[in-house]
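*Asks:* After the structure tokens below, expect a handful of questions from me.
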Amino acid sequence: MSRLSFLSGPGAWKYAPALIALAVALWVGHPALALVVGAAVSLALQPEWPAYINRAGQLCLKAAIVCLGFTLNVQVLWQTSRDYSWLVLVFVACTLIAGLVIGRLMRVDEDQSRLLSTGTAICGGTAIVTLAPIIRARPASVAICIGIVFILNAIAILVLPGIGHHMQMTQDQFGVWVALAIHDTSSVVGAAAIFGDRALEVATTVKLVRTLLLIPVALLAGVLLQQSEARLRIPGFLLLFVAASLAGSLLQPPVEIVAQTKAVSHFLLIVALYCIGMEIRRTTIASLNGRAIWLSVTLWLILLPVTLFAALTL
């Protein structure tokens, strides 16, 4: 049976509003709108998609990043990584420490404090899901933390590009800022895409450097907590991103091919953000925990001006 058979069954009509909303988001082509429309459809209609449809958003995001890599020169990629690696290291270390200290002062649940600190420092939901089995976090804590991160990511995509334009930030400055200030890769890419092509290139590169730090952090957590669940995990799409950049640099494709690849990347990004918006459900909002929210919001409100200052002074 075809995986799309749910669209031709007797209850297929209930998916029509969601598909129409996706078509509108693709037609407008604005990343922030795609996220908002997806969330609005999810909260209003609560459509129950098959599990593989829910995974399509992450797959589209990874494909969009790989396509973007094909349009980047590997020398520029290496230069950007080298220029900002020290800043990423300092940011991750300070954020982890600050999050754990603030969580202790606020008497936040220990599991939630660790998950939110790591998610804020490195890569949002990906870090939370990776760390959860290492610290043996309760499923409820994982759901709460991921829900908080989703909400903050949505706010960031809507607000940060406007702040960047108001402050007349350069493309490089904004790219660095969102790569540090926003939790998940999808939201970093979405916010940077709104601001400009160069901001998107810088943000994607710096964010991927930041994501790589999940490996030593997960291993260190496993050693400190004496857990065997810590594994060396290198995100596959990161390797493909670098490989695509190498291929694009060596092949030197015509300008038309590069433009078409960017268009495909943008299309996939819109679909990804729409699907991610669809993951914000009423149950997600209902499960949010007061102290965990205060920890995450307080830590984020501290990091936003600090990272903004760092980006402006580079």
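Within each chain, counting starts at residue 1; across the structure tokens, chains are named A, B, ... in the order shown, with ligands numbered 1 upward in that order.
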Identify, on the basis of only C-alpha atoms, every residue whose closest approach to Thr120 in chain A does not exceed 12 Å; exclude the query and any residue fewer than 5 positions from it along the same chain; express the result as a ChimeraX atom specification.
*Replies:* /A:91-100,112-115,125-128,145-146,148-150,152-153,179-185,210-211,214,295-304
*Asks:* Taking a cut-off of 8 Å and counting only C-alpha atoms, can you build a table that, for each residue of range 27-93 of chain A near range 192-201 of chain A, reports the nearest atom pair and how far apart they are in Å (one decimal), sorted by chain then residue number, as CSV?
*Replies:*
```
residue,atom,partner,partner_atom,distance
A:His30,CA,A:Ile194,CA,7.2
A:Pro31,CA,A:Ile194,CA,6.8
A:Ala32,CA,A:Ile194,CA,7.7
A:Leu68,CA,A:Glu201,CA,7.9
A:Leu72,CA,A:Glu201,CA,7.5
```
*Asks:* Using only C-alpha atoms, which residues sit within 9 Å of Leu213 in chain A once same-chain residues fewer than 6 positions away are excluded, as a list of chain:residue names?
*Replies:*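 Returned residues: A:Val88, A:Leu89, A:Val92, A:Ile122.
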*Asks:* How would the residues just chosen look if you wrote them out with all heavy atoms as a PDB file, in the first residue's frame?
*Replies:*
```pdb
ATOM      1  N   VAL A  88      32.482  30.222  19.336  1.00  0.00           N
ATOM      2  CA  VAL A  88      31.523  29.154  19.586  1.00  0.00           C
ATOM      3  C   VAL A  88      31.914  28.369  20.835  1.00  0.00           C
ATOM      4  O   VAL A  88      31.066  28.048  21.679  1.00  0.00           O
ATOM      5  CB  VAL A  88      31.426  28.221  18.360  1.00  0.00           C
ATOM      6  CG1 VAL A  88      30.526  27.022  18.670  1.00  0.00           C
ATOM      7  CG2 VAL A  88      30.888  28.974  17.150  1.00  0.00           C
ATOM      8  N   LEU A  89      33.203  28.070  20.977  1.00  0.00           N
ATOM      9  CA  LEU A  89      33.677  27.327  22.150  1.00  0.00           C
ATOM     10  C   LEU A  89      33.380  28.078  23.445  1.00  0.00           C
ATOM     11  O   LEU A  89      32.880  27.499  24.419  1.00  0.00           O
ATOM     12  CB  LEU A  89      35.178  27.056  22.029  1.00  0.00           C
ATOM     13  CG  LEU A  89      35.598  25.968  21.042  1.00  0.00           C
ATOM     14  CD1 LEU A  89      37.107  26.009  20.825  1.00  0.00           C
ATOM     15  CD2 LEU A  89      35.186  24.596  21.565  1.00  0.00           C
ATOM     16  N   VAL A  92      29.488  28.114  24.130  1.00  0.00           N
ATOM     17  CA  VAL A  92      28.939  26.845  24.607  1.00  0.00           C
ATOM     18  C   VAL A  92      29.331  26.591  26.059  1.00  0.00           C
ATOM     19  O   VAL A  92      28.490  26.222  26.897  1.00  0.00           O
ATOM     20  CB  VAL A  92      29.395  25.682  23.699  1.00  0.00           C
ATOM     21  CG1 VAL A  92      29.054  24.336  24.338  1.00  0.00           C
ATOM     22  CG2 VAL A  92      28.746  25.794  22.329  1.00  0.00           C
ATOM     23  N   ILE A 122      23.883  24.260  22.686  1.00  0.00           N
ATOM     24  CA  ILE A 122      24.365  23.582  21.475  1.00  0.00           C
ATOM     25  C   ILE A 122      23.339  23.581  20.337  1.00  0.00           C
ATOM     26  O   ILE A 122      23.472  24.343  19.388  1.00  0.00           O
ATOM     27  CB  ILE A 122      24.821  22.147  21.810  1.00  0.00           C
ATOM     28  CG1 ILE A 122      25.911  22.193  22.892  1.00  0.00           C
ATOM     29  CG2 ILE A 122      25.359  21.448  20.568  1.00  0.00           C
ATOM     30  CD1 ILE A 122      26.417  20.849  23.324  1.00  0.00           C
TER      31      ILE A 122
END
```
*Asks:* Measuring atom to atom with only C-alpha atoms, identify which of A:Leu59, A:Leu116, A:Ala311, A:Leu239 is nearest to Ala137 in chain A.
*Replies:* A:Leu116
